[in-house]
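This report refers to the structure that appears directly beneath it.
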Amino acid sequence: MTGPARPLPRIAAIDLARSAALAGMVVFHFSYDLEMFGHLPPGTVVSGGFRVLSVTVAAAFLALAGVSLQLAHGARVRPRAVLRRLLRIAAAAGAVSLGTWAVFPAAFVYFGILHAIAAASLLGLLLLRLPPFVPALLALAVLLAPRPAPIPDLGWLDWTGLTATPRPSVDFEPLFPWAAAFLAGMALAGLGRRYGLWDRLSGSPGRLTRWLAWPGRNSLAIYLIHQPLLIALVWGLTRIGLS
């Protein structure tokens, strides 16, 4: 029951899932900004349902990135397309690091979600042609790896997630354990290809589906611009409320 080894067209269901993850991200970051401006009690977004939301959204983005890598290159790796994708993600990650360093120099994003996706993608390239159970087992191993591991507690190793006291950051998704979500996405995509799931989902979507999937098709741009816009909105509303 092995599907044909050919590139697949863009699948609206994946874009819809990415749109849903973006919606969760916007809700979380809007709440984060409200707390930052004093409209919510301190600690609101790092506990309870908001904590669950943040973990779910980050895991969803990483898993969907793993799915996309497998679908785009599982049949045949296209080096130029891979390089363009990695450079685009790395450039966006660098922009996030620079932007947050300007605002939060003591807790800037040195290894956030985009950094994790880029690093996990390099790992994923080595696994593309392997059976789906391989990334599935690796995902389980990454998730269950002991932390912190007995490695030197040096700043340049914080990105691994295996140091005891990583530097503070407003967004920190180290390779361990977050690569597990990416690898799980690769495994699911490989199984979907094997059993023909993606062929069944690759039909032409309707107008409403295309509209709802639009954010998912432009997720990187939305990721980069949404937080400055939200901060400006909350700042403006705060100023109006104080005037």
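So you can find residues: chains in the structure tokens are A, B, ... in the order shown, residues in each start at 1, and ligands are numbered from 1 in order.
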Report as a short mmCIF file (atom, residue, chain, number, x, y, z; two decimals) with N, CA, C and O atoms, in the first residue's frame all protein, DNA and RNA residues lying within 12 Å of Leu138 in chain A, evaluated on only C-alpha atoms, omitting residues in the same chain fewer than 6 positions from it.
data_model
loop_
_atom_site.label_atom_id
_atom_site.label_comp_id
_atom_site.auth_asym_id
_atom_site.auth_seq_id
_atom_site.Cartn_x
_atom_site.Cartn_y
_atom_site.Cartn_z
N ALA A 120 15.93 21.68 13.24
CA ALA A 120 15.28 20.39 13.07
C ALA A 120 15.19 20.00 11.60
O ALA A 120 15.23 18.82 11.26
N LEU A 123 18.32 18.26 10.59
CA LEU A 123 18.26 16.88 11.05
C LEU A 123 17.31 16.06 10.18
O LEU A 123 17.60 14.93 9.81
N GLY A 124 16.17 16.65 9.85
CA GLY A 124 15.17 15.94 9.07
C GLY A 124 15.66 15.55 7.68
O GLY A 124 15.24 14.51 7.15
N LEU A 127 16.83 12.12 7.30
CA LEU A 127 15.87 11.04 7.56
C LEU A 127 14.81 10.91 6.49
O LEU A 127 13.94 10.04 6.59
N LEU A 130 14.12 7.48 4.89
CA LEU A 130 14.01 6.34 5.81
C LEU A 130 12.55 6.04 6.10
O LEU A 130 11.68 6.91 5.97
N PRO A 131 12.23 4.82 6.51
CA PRO A 131 10.84 4.47 6.84
C PRO A 131 10.29 5.36 7.95
O PRO A 131 11.06 5.83 8.81
N PRO A 132 8.98 5.59 7.98
CA PRO A 132 8.40 6.49 8.98
C PRO A 132 8.67 6.10 10.43
O PRO A 132 8.68 6.98 11.30
N LEU A 144 12.01 11.72 25.50
CA LEU A 144 12.29 11.05 26.78
C LEU A 144 13.74 11.21 27.23
O LEU A 144 14.10 10.69 28.28
N ALA A 145 14.56 11.92 26.44
CA ALA A 145 15.96 12.10 26.81
C ALA A 145 16.06 12.82 28.15
O ALA A 145 15.32 13.79 28.40
N PHE A 176 16.13 19.92 22.21
CA PHE A 176 15.55 18.92 23.11
C PHE A 176 14.65 19.65 24.09
O PHE A 176 15.11 20.53 24.81
N PRO A 177 13.36 19.40 24.15
CA PRO A 177 12.66 18.29 23.50
C PRO A 177 11.89 18.67 22.24
O PRO A 177 11.17 17.85 21.68
N TRP A 178 12.00 19.93 21.74
CA TRP A 178 11.07 20.39 20.72
C TRP A 178 11.24 19.73 19.37
O TRP A 178 10.30 19.69 18.56
N ALA A 179 12.44 19.19 19.08
CA ALA A 179 12.61 18.46 17.82
C ALA A 179 11.70 17.25 17.75
O ALA A 179 11.42 16.75 16.65
N ALA A 180 11.23 16.76 18.89
CA ALA A 180 10.33 15.60 18.89
C ALA A 180 9.07 15.88 18.08
O ALA A 180 8.58 15.01 17.35
N ALA A 181 8.53 17.09 18.21
CA ALA A 181 7.32 17.43 17.45
C ALA A 181 7.60 17.44 15.96
O ALA A 181 6.79 16.96 15.16
N PHE A 182 8.74 17.99 15.56
CA PHE A 182 9.11 18.02 14.14
C PHE A 182 9.25 16.61 13.59
O PHE A 182 8.73 16.28 12.52
N LEU A 183 9.95 15.75 14.32
CA LEU A 183 10.16 14.37 13.88
C LEU A 183 8.84 13.60 13.83
O LEU A 183 8.63 12.78 12.94
N ALA A 184 7.97 13.87 14.80
CA ALA A 184 6.65 13.23 14.77
C ALA A 184 5.87 13.65 13.54
O ALA A 184 5.18 12.83 12.92
N GLY A 185 5.98 14.93 13.16
CA GLY A 185 5.33 15.40 11.94
C GLY A 185 5.87 14.69 10.71
O GLY A 185 5.11 14.31 9.80
N MET A 186 7.18 14.49 10.66
CA MET A 186 7.76 13.75 9.54
C MET A 186 7.22 12.33 9.48
O MET A 186 6.90 11.81 8.40
N ALA A 187 7.15 11.69 10.64
CA ALA A 187 6.64 10.31 10.68
C ALA A 187 5.19 10.24 10.21
O ALA A 187 4.82 9.36 9.43
#
Distance query Met36 in chain A at most 12 Å, only C-alpha atoms, self and fewer than 3 positions along chain excluded, as an mmCIF file with all heavy atoms, in the first residue's frame:
data_model
loop_
_atom_site.group_PDB
_atom_site.id
_atom_site.type_symbol
_atom_site.label_atom_id
_atom_site.label_comp_id
_atom_site.auth_asym_id
_atom_site.auth_seq_id
_atom_site.Cartn_x
_atom_site.Cartn_y
_atom_site.Cartn_z
ATOM 1 N N HIS A 29 -0.180 35.648 22.142
ATOM 2 C CA HIS A 29 0.662 36.843 22.141
ATOM 3 C C HIS A 29 -0.125 38.108 22.495
ATOM 4 O O HIS A 29 0.422 39.022 23.125
ATOM 5 C CB HIS A 29 1.351 36.998 20.784
ATOM 6 C CG HIS A 29 2.517 36.082 20.614
ATOM 7 N ND1 HIS A 29 3.027 35.725 19.388
ATOM 8 C CD2 HIS A 29 3.282 35.445 21.531
ATOM 9 C CE1 HIS A 29 4.049 34.917 19.554
ATOM 10 N NE2 HIS A 29 4.223 34.734 20.849
ATOM 11 N N PHE A 30 -1.389 38.156 22.110
ATOM 12 C CA PHE A 30 -2.214 39.298 22.514
ATOM 13 C C PHE A 30 -2.367 39.310 24.033
ATOM 14 O O PHE A 30 -2.269 40.363 24.678
ATOM 15 C CB PHE A 30 -3.575 39.225 21.835
ATOM 16 C CG PHE A 30 -4.474 40.402 22.139
ATOM 17 C CD1 PHE A 30 -4.117 41.682 21.756
ATOM 18 C CD2 PHE A 30 -5.677 40.221 22.814
ATOM 19 C CE1 PHE A 30 -4.934 42.770 22.037
ATOM 20 C CE2 PHE A 30 -6.494 41.297 23.099
ATOM 21 C CZ PHE A 30 -6.131 42.578 22.710
ATOM 22 N N SER A 31 -2.561 38.132 24.615
ATOM 23 C CA SER A 31 -2.660 38.031 26.075
ATOM 24 C C SER A 31 -1.322 38.384 26.724
ATOM 25 O O SER A 31 -1.285 39.056 27.770
ATOM 26 C CB SER A 31 -3.087 36.614 26.472
ATOM 27 O OG SER A 31 -4.316 36.268 25.865
ATOM 28 N N TYR A 32 -0.226 37.941 26.102
ATOM 29 C CA TYR A 32 1.108 38.282 26.606
ATOM 30 C C TYR A 32 1.305 39.793 26.621
ATOM 31 O O TYR A 32 1.824 40.355 27.603
ATOM 32 C CB TYR A 32 2.164 37.613 25.726
ATOM 33 C CG TYR A 32 3.587 37.875 26.132
ATOM 34 C CD1 TYR A 32 4.269 37.008 26.967
ATOM 35 C CD2 TYR A 32 4.270 39.012 25.664
ATOM 36 C CE1 TYR A 32 5.594 37.248 27.338
ATOM 37 C CE2 TYR A 32 5.572 39.266 26.033
ATOM 38 C CZ TYR A 32 6.226 38.381 26.860
ATOM 39 O OH TYR A 32 7.527 38.631 27.233
ATOM 40 N N ASP A 33 0.895 40.448 25.551
ATOM 41 C CA ASP A 33 1.049 41.904 25.472
ATOM 42 C C ASP A 33 0.159 42.615 26.493
ATOM 43 O O ASP A 33 0.565 43.620 27.093
ATOM 44 C CB ASP A 33 0.729 42.384 24.061
ATOM 45 C CG ASP A 33 1.672 41.799 23.021
ATOM 46 O OD1 ASP A 33 2.782 41.392 23.411
ATOM 47 O OD2 ASP A 33 1.289 41.726 21.842
ATOM 48 N N HIS A 39 -2.421 44.909 31.959
ATOM 49 C CA HIS A 39 -3.868 44.694 31.900
ATOM 50 C C HIS A 39 -4.274 43.301 32.371
ATOM 51 O O HIS A 39 -5.472 43.033 32.539
ATOM 52 C CB HIS A 39 -4.379 44.915 30.471
ATOM 53 C CG HIS A 39 -4.103 46.287 29.946
ATOM 54 N ND1 HIS A 39 -4.655 47.424 30.501
ATOM 55 C CD2 HIS A 39 -3.304 46.714 28.926
ATOM 56 C CE1 HIS A 39 -4.227 48.494 29.846
ATOM 57 N NE2 HIS A 39 -3.401 48.085 28.893
ATOM 58 N N LEU A 40 -3.312 42.423 32.577
ATOM 59 C CA LEU A 40 -3.551 41.099 33.147
ATOM 60 C C LEU A 40 -2.570 40.895 34.292
ATOM 61 O O LEU A 40 -1.461 41.452 34.271
ATOM 62 C CB LEU A 40 -3.352 40.003 32.091
ATOM 63 C CG LEU A 40 -4.403 39.909 30.968
ATOM 64 C CD1 LEU A 40 -3.996 38.850 29.955
ATOM 65 C CD2 LEU A 40 -5.787 39.606 31.535
ATOM 66 N N PRO A 41 -2.930 40.097 35.288
ATOM 67 C CA PRO A 41 -2.027 39.878 36.425
ATOM 68 C C PRO A 41 -0.716 39.232 35.981
ATOM 69 O O PRO A 41 -0.697 38.425 35.038
ATOM 70 C CB PRO A 41 -2.826 38.925 37.330
ATOM 71 C CG PRO A 41 -4.251 39.107 36.931
ATOM 72 C CD PRO A 41 -4.230 39.427 35.464
ATOM 73 N N PRO A 42 0.396 39.568 36.638
ATOM 74 C CA PRO A 42 1.687 38.950 36.300
ATOM 75 C C PRO A 42 1.613 37.432 36.410
ATOM 76 O O PRO A 42 1.014 36.884 37.340
ATOM 77 C CB PRO A 42 2.642 39.536 37.346
ATOM 78 C CG PRO A 42 2.006 40.821 37.773
ATOM 79 C CD PRO A 42 0.526 40.587 37.709
ATOM 80 N N GLY A 43 2.221 36.747 35.453
ATOM 81 C CA GLY A 43 2.246 35.290 35.459
ATOM 82 C C GLY A 43 1.062 34.634 34.782
ATOM 83 O O GLY A 43 1.007 33.399 34.714
ATOM 84 N N THR A 44 0.129 35.433 34.258
ATOM 85 C CA THR A 44 -1.074 34.858 33.654
ATOM 86 C C THR A 44 -0.733 33.926 32.497
ATOM 87 O O THR A 44 -1.270 32.816 32.400
ATOM 88 C CB THR A 44 -2.011 35.973 33.151
ATOM 89 O OG1 THR A 44 -2.458 36.745 34.265
ATOM 90 C CG2 THR A 44 -3.225 35.384 32.432
ATOM 91 N N VAL A 45 0.144 34.357 31.604
ATOM 92 C CA VAL A 45 0.361 33.593 30.366
ATOM 93 C C VAL A 45 1.373 32.463 30.516
ATOM 94 O O VAL A 45 1.636 31.747 29.545
ATOM 95 C CB VAL A 45 0.795 34.520 29.220
ATOM 96 C CG1 VAL A 45 -0.291 35.528 28.910
ATOM 97 C CG2 VAL A 45 2.109 35.212 29.530
ATOM 98 N N VAL A 170 12.556 35.362 26.108
ATOM 99 C CA VAL A 170 11.109 35.521 26.049
ATOM 100 C C VAL A 170 10.466 34.432 25.185
ATOM 101 O O VAL A 170 9.241 34.264 25.207
ATOM 102 C CB VAL A 170 10.712 36.913 25.515
ATOM 103 C CG1 VAL A 170 11.140 37.996 26.502
ATOM 104 C CG2 VAL A 170 11.314 37.168 24.132
ATOM 105 N N LEU A 230 0.372 43.773 17.173
ATOM 106 C CA LEU A 230 -0.367 43.593 18.427
ATOM 107 C C LEU A 230 0.154 44.533 19.512
ATOM 108 O O LEU A 230 -0.630 45.116 20.270
ATOM 109 C CB LEU A 230 -0.264 42.135 18.897
ATOM 110 C CG LEU A 230 -1.045 41.098 18.094
ATOM 111 C CD1 LEU A 230 -0.760 39.701 18.631
ATOM 112 C CD2 LEU A 230 -2.548 41.387 18.142
ATOM 113 N N ILE A 231 1.476 44.656 19.598
ATOM 114 C CA ILE A 231 2.050 45.559 20.603
ATOM 115 C C ILE A 231 1.606 46.993 20.336
ATOM 116 O O ILE A 231 1.237 47.731 21.275
ATOM 117 C CB ILE A 231 3.585 45.454 20.602
ATOM 118 C CG1 ILE A 231 4.020 44.087 21.160
ATOM 119 C CG2 ILE A 231 4.212 46.577 21.424
ATOM 120 C CD1 ILE A 231 5.508 43.843 21.096
ATOM 121 N N VAL A 234 -2.085 47.272 21.476
ATOM 122 C CA VAL A 234 -2.253 47.335 22.932
ATOM 123 C C VAL A 234 -1.703 48.648 23.471
ATOM 124 O O VAL A 234 -2.295 49.269 24.369
ATOM 125 C CB VAL A 234 -1.570 46.127 23.609
ATOM 126 C CG1 VAL A 234 -1.652 46.240 25.134
ATOM 127 C CG2 VAL A 234 -2.231 44.827 23.152
ATOM 128 N N TRP A 235 -0.568 49.100 22.941
ATOM 129 C CA TRP A 235 -0.010 50.379 23.370
ATOM 130 C C TRP A 235 -0.994 51.510 23.073
ATOM 131 O O TRP A 235 -1.219 52.389 23.923
ATOM 132 C CB TRP A 235 1.308 50.635 22.651
ATOM 133 C CG TRP A 235 1.916 51.975 22.985
ATOM 134 C CD1 TRP A 235 2.702 52.278 24.070
ATOM 135 C CD2 TRP A 235 1.786 53.184 22.231
ATOM 136 N NE1 TRP A 235 3.067 53.598 24.038
ATOM 137 C CE2 TRP A 235 2.521 54.182 22.919
ATOM 138 C CE3 TRP A 235 1.131 53.517 21.050
ATOM 139 C CZ2 TRP A 235 2.604 55.483 22.457
ATOM 140 C CZ3 TRP A 235 1.218 54.815 20.581
ATOM 141 C CH2 TRP A 235 1.936 55.791 21.271
ATOM 142 N N THR A 238 -3.902 51.364 25.364
ATOM 143 C CA THR A 238 -3.469 51.785 26.717
ATOM 144 C C THR A 238 -3.385 53.306 26.797
ATOM 145 O O THR A 238 -3.822 53.921 27.785
ATOM 146 C CB THR A 238 -2.110 51.155 27.065
ATOM 147 O OG1 THR A 238 -2.219 49.726 26.980
ATOM 148 C CG2 THR A 238 -1.676 51.551 28.468
#
If you run DSSP on this backbone, which residues of range 96-225 of chain A come out as alpha helix (DSSP H), and could you give them as a ChimeraX atom specification? /A:96-103,113-125,133-144,175-194,197-201,207-217,219-225
Could you check which of A:Ser97, A:Leu162, A:Gly192, A:Ala139 is closest to Ala63 in chain A, using only C-alpha atoms?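 Smallest distance to Ala63 in chain A is found for A:Ala139.
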Residues of range 141-223 of chain A within 12 Å of range 102-105 of chain A: nearest atom pair and distance (Å, one decimal) for each, counting only C-alpha atoms, sorted by chain and number, as CSV?
residue,atom,partner,partner_atom,distance
A:Arg167,CA,A:Pro105,CA,11.6
A:Pro168,CA,A:Pro105,CA,10.3
A:Ser169,CA,A:Phe104,CA,8.6
A:Val170,CA,A:Phe104,CA,8.0
A:Asp171,CA,A:Phe104,CA,11.0
Can those selected residues be exported to a file as an mmCIF file, in the first residue's frame so that it contains N, CA and C atoms?
data_model
loop_
_atom_site.group_PDB
_atom_site.id
_atom_site.type_symbol
_atom_site.label_atom_id
_atom_site.label_comp_id
_atom_site.auth_asym_id
_atom_site.auth_seq_id
_atom_site.Cartn_x
_atom_site.Cartn_y
_atom_site.Cartn_z
ATOM 1 N N ARG A 167 20.245 30.503 29.437
ATOM 2 C CA ARG A 167 19.998 31.932 29.564
ATOM 3 C C ARG A 167 18.509 32.221 29.405
ATOM 4 N N PRO A 168 18.021 33.236 30.097
ATOM 5 C CA PRO A 168 16.590 33.561 29.969
ATOM 6 C C PRO A 168 16.265 34.080 28.569
ATOM 7 N N SER A 169 15.048 33.826 28.132
ATOM 8 C CA SER A 169 14.602 34.275 26.819
ATOM 9 C C SER A 169 13.088 34.385 26.835
ATOM 10 N N VAL A 170 12.556 35.362 26.108
ATOM 11 C CA VAL A 170 11.109 35.521 26.049
ATOM 12 C C VAL A 170 10.466 34.432 25.185
ATOM 13 N N ASP A 171 11.275 33.705 24.415
ATOM 14 C CA ASP A 171 10.768 32.588 23.620
ATOM 15 C C ASP A 171 11.906 31.604 23.442
#
Could you tell me how far CA of Leu86 in chain A sits from CA of Trp198 in chain A, in Å to one decimal place? 23.9 Å
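Among the candidate residues A:Leu233, A:Leu16, A:Ala91, A:Leu188, the one lying nearest to Val67 in chain A is A:Leu188, with distances computed using only C-alpha atoms.
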Fewer than 6 positions away in the same chain doesn't count, so skip those; otherwise give me all residues within 12 Å of Gly155 in chain A, counting only C-alpha atoms, as a list in words.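 Those residues are Tyr110, Phe111, Gly161, Leu162, Thr163, Ala164, Thr165, Pro166, Arg167 and Pro168 of chain A.
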Mind checking which residues fall within 12 Å of Leu83 in chain A, counting only C-alpha atoms, ignoring those fewer than 5 positions away in the same chain, and posting them as a PDB file with all heavy atoms, in the first residue's frame?
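What ended up in selection.pdb:
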ATOM      1  N   HIS A  73       9.884  17.009   0.028  1.00  0.00           N
ATOM      2  CA  HIS A  73      11.158  16.430  -0.377  1.00  0.00           C
ATOM      3  C   HIS A  73      11.294  14.942  -0.075  1.00  0.00           C
ATOM      4  O   HIS A  73      12.369  14.377  -0.282  1.00  0.00           O
ATOM      5  CB  HIS A  73      12.311  17.196   0.284  1.00  0.00           C
ATOM      6  CG  HIS A  73      12.308  18.654  -0.010  1.00  0.00           C
ATOM      7  ND1 HIS A  73      12.687  19.181  -1.224  1.00  0.00           N
ATOM      8  CD2 HIS A  73      11.931  19.718   0.758  1.00  0.00           C
ATOM      9  CE1 HIS A  73      12.572  20.501  -1.196  1.00  0.00           C
ATOM     10  NE2 HIS A  73      12.111  20.853  -0.006  1.00  0.00           N
ATOM     11  N   VAL A  77      14.748  14.909  -2.958  1.00  0.00           N
ATOM     12  CA  VAL A  77      15.273  16.147  -2.381  1.00  0.00           C
ATOM     13  C   VAL A  77      15.669  17.088  -3.507  1.00  0.00           C
ATOM     14  O   VAL A  77      16.406  16.709  -4.428  1.00  0.00           O
ATOM     15  CB  VAL A  77      16.487  15.864  -1.476  1.00  0.00           C
ATOM     16  CG1 VAL A  77      17.088  17.170  -0.969  1.00  0.00           C
ATOM     17  CG2 VAL A  77      16.085  14.974  -0.313  1.00  0.00           C
ATOM     18  N   ARG A  78      15.145  18.320  -3.432  1.00  0.00           N
ATOM     19  CA  ARG A  78      15.494  19.354  -4.402  1.00  0.00           C
ATOM     20  C   ARG A  78      16.395  20.365  -3.697  1.00  0.00           C
ATOM     21  O   ARG A  78      15.923  21.213  -2.945  1.00  0.00           O
ATOM     22  CB  ARG A  78      14.224  20.015  -4.925  1.00  0.00           C
ATOM     23  CG  ARG A  78      13.363  19.061  -5.764  1.00  0.00           C
ATOM     24  CD  ARG A  78      11.988  19.632  -6.050  1.00  0.00           C
ATOM     25  NE  ARG A  78      11.165  19.682  -4.842  1.00  0.00           N
ATOM     26  CZ  ARG A  78      10.470  20.749  -4.463  1.00  0.00           C
ATOM     27  NH1 ARG A  78      10.518  21.870  -5.155  1.00  0.00           N
ATOM     28  NH2 ARG A  78       9.733  20.695  -3.377  1.00  0.00           N
ATOM     29  N   ARG A  88      15.453  31.266   4.094  1.00  0.00           N
ATOM     30  CA  ARG A  88      14.309  32.109   4.449  1.00  0.00           C
ATOM     31  C   ARG A  88      13.990  31.993   5.935  1.00  0.00           C
ATOM     32  O   ARG A  88      13.779  33.003   6.623  1.00  0.00           O
ATOM     33  CB  ARG A  88      13.101  31.719   3.600  1.00  0.00           C
ATOM     34  CG  ARG A  88      11.917  32.647   3.761  1.00  0.00           C
ATOM     35  CD  ARG A  88      10.879  32.421   2.687  1.00  0.00           C
ATOM     36  NE  ARG A  88      10.340  31.064   2.748  1.00  0.00           N
ATOM     37  CZ  ARG A  88      10.542  30.125   1.838  1.00  0.00           C
ATOM     38  NH1 ARG A  88      11.306  30.382   0.771  1.00  0.00           N
ATOM     39  NH2 ARG A  88       9.996  28.933   1.951  1.00  0.00           N
ATOM     40  N   ILE A  89      13.991  30.774   6.456  1.00  0.00           N
ATOM     41  CA  ILE A  89      13.693  30.579   7.871  1.00  0.00           C
ATOM     42  C   ILE A  89      14.808  31.151   8.734  1.00  0.00           C
ATOM     43  O   ILE A  89      14.552  31.809   9.758  1.00  0.00           O
ATOM     44  CB  ILE A  89      13.483  29.085   8.177  1.00  0.00           C
ATOM     45  CG1 ILE A  89      12.244  28.568   7.447  1.00  0.00           C
ATOM     46  CG2 ILE A  89      13.325  28.854   9.679  1.00  0.00           C
ATOM     47  CD1 ILE A  89      12.062  27.064   7.543  1.00  0.00           C
ATOM     48  N   ALA A  90      16.067  30.918   8.319  1.00  0.00           N
ATOM     49  CA  ALA A  90      17.199  31.436   9.097  1.00  0.00           C
ATOM     50  C   ALA A  90      17.199  32.958   9.117  1.00  0.00           C
ATOM     51  O   ALA A  90      17.487  33.576  10.155  1.00  0.00           O
ATOM     52  CB  ALA A  90      18.506  30.905   8.519  1.00  0.00           C
ATOM     53  N   ALA A  91      16.887  33.586   7.984  1.00  0.00           N
ATOM     54  CA  ALA A  91      16.831  35.047   7.945  1.00  0.00           C
ATOM     55  C   ALA A  91      15.727  35.571   8.849  1.00  0.00           C
ATOM     56  O   ALA A  91      15.914  36.568   9.570  1.00  0.00           O
ATOM     57  CB  ALA A  91      16.610  35.520   6.510  1.00  0.00           C
ATOM     58  N   ALA A 118      14.511  25.556  11.835  1.00  0.00           N
ATOM     59  CA  ALA A 118      15.672  25.495  10.953  1.00  0.00           C
ATOM     60  C   ALA A 118      16.616  24.364  11.366  1.00  0.00           C
ATOM     61  O   ALA A 118      17.075  23.580  10.518  1.00  0.00           O
ATOM     62  CB  ALA A 118      16.412  26.832  10.967  1.00  0.00           C
ATOM     63  N   SER A 121      15.068  20.994  10.715  1.00  0.00           N
ATOM     64  CA  SER A 121      15.020  20.700   9.283  1.00  0.00           C
ATOM     65  C   SER A 121      16.327  20.092   8.805  1.00  0.00           C
ATOM     66  O   SER A 121      16.332  19.189   7.952  1.00  0.00           O
ATOM     67  CB  SER A 121      14.712  21.976   8.496  1.00  0.00           C
ATOM     68  OG  SER A 121      13.423  22.467   8.800  1.00  0.00           O
ATOM     69  N   LEU A 122      17.452  20.579   9.320  1.00  0.00           N
ATOM     70  CA  LEU A 122      18.748  19.993   8.958  1.00  0.00           C
ATOM     71  C   LEU A 122      18.808  18.537   9.393  1.00  0.00           C
ATOM     72  O   LEU A 122      19.293  17.675   8.642  1.00  0.00           O
ATOM     73  CB  LEU A 122      19.882  20.802   9.593  1.00  0.00           C
ATOM     74  CG  LEU A 122      20.087  22.212   9.059  1.00  0.00           C
ATOM     75  CD1 LEU A 122      21.137  22.942   9.882  1.00  0.00           C
ATOM     76  CD2 LEU A 122      20.496  22.176   7.589  1.00  0.00           C
ATOM     77  N   LEU A 125      16.532  16.359   7.091  1.00  0.00           N
ATOM     78  CA  LEU A 125      17.046  16.035   5.761  1.00  0.00           C
ATOM     79  C   LEU A 125      17.758  14.688   5.739  1.00  0.00           C
ATOM     80  O   LEU A 125      17.761  13.993   4.715  1.00  0.00           O
ATOM     81  CB  LEU A 125      18.000  17.132   5.283  1.00  0.00           C
ATOM     82  CG  LEU A 125      17.365  18.462   4.892  1.00  0.00           C
ATOM     83  CD1 LEU A 125      18.433  19.508   4.620  1.00  0.00           C
ATOM     84  CD2 LEU A 125      16.467  18.291   3.668  1.00  0.00           C
TER      85      LEU A 125
END
Here CA of Ala81 in chain A and CA of Ala119 in chain A stand apart by 16.4 Å
Set the distance at 12 Å and use only C-alpha atoms: which residues neighbour Phe28 in chain A once local chain neighbours fewer than 3 positions away are removed? I'd like the list as a list in words.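 What passes the distance filter is Ala21, Leu22, Ala23, Gly24, Met25, Ser31, Tyr32, Asp33, Leu34, Glu35, Thr44, Val45, Val46, Ser47, Gly49, Phe50, Arg51, Val52, Leu53, Ser54, Val55, Thr56, Val57, Ala58, His226, Gln227 and Leu230 of chain A.
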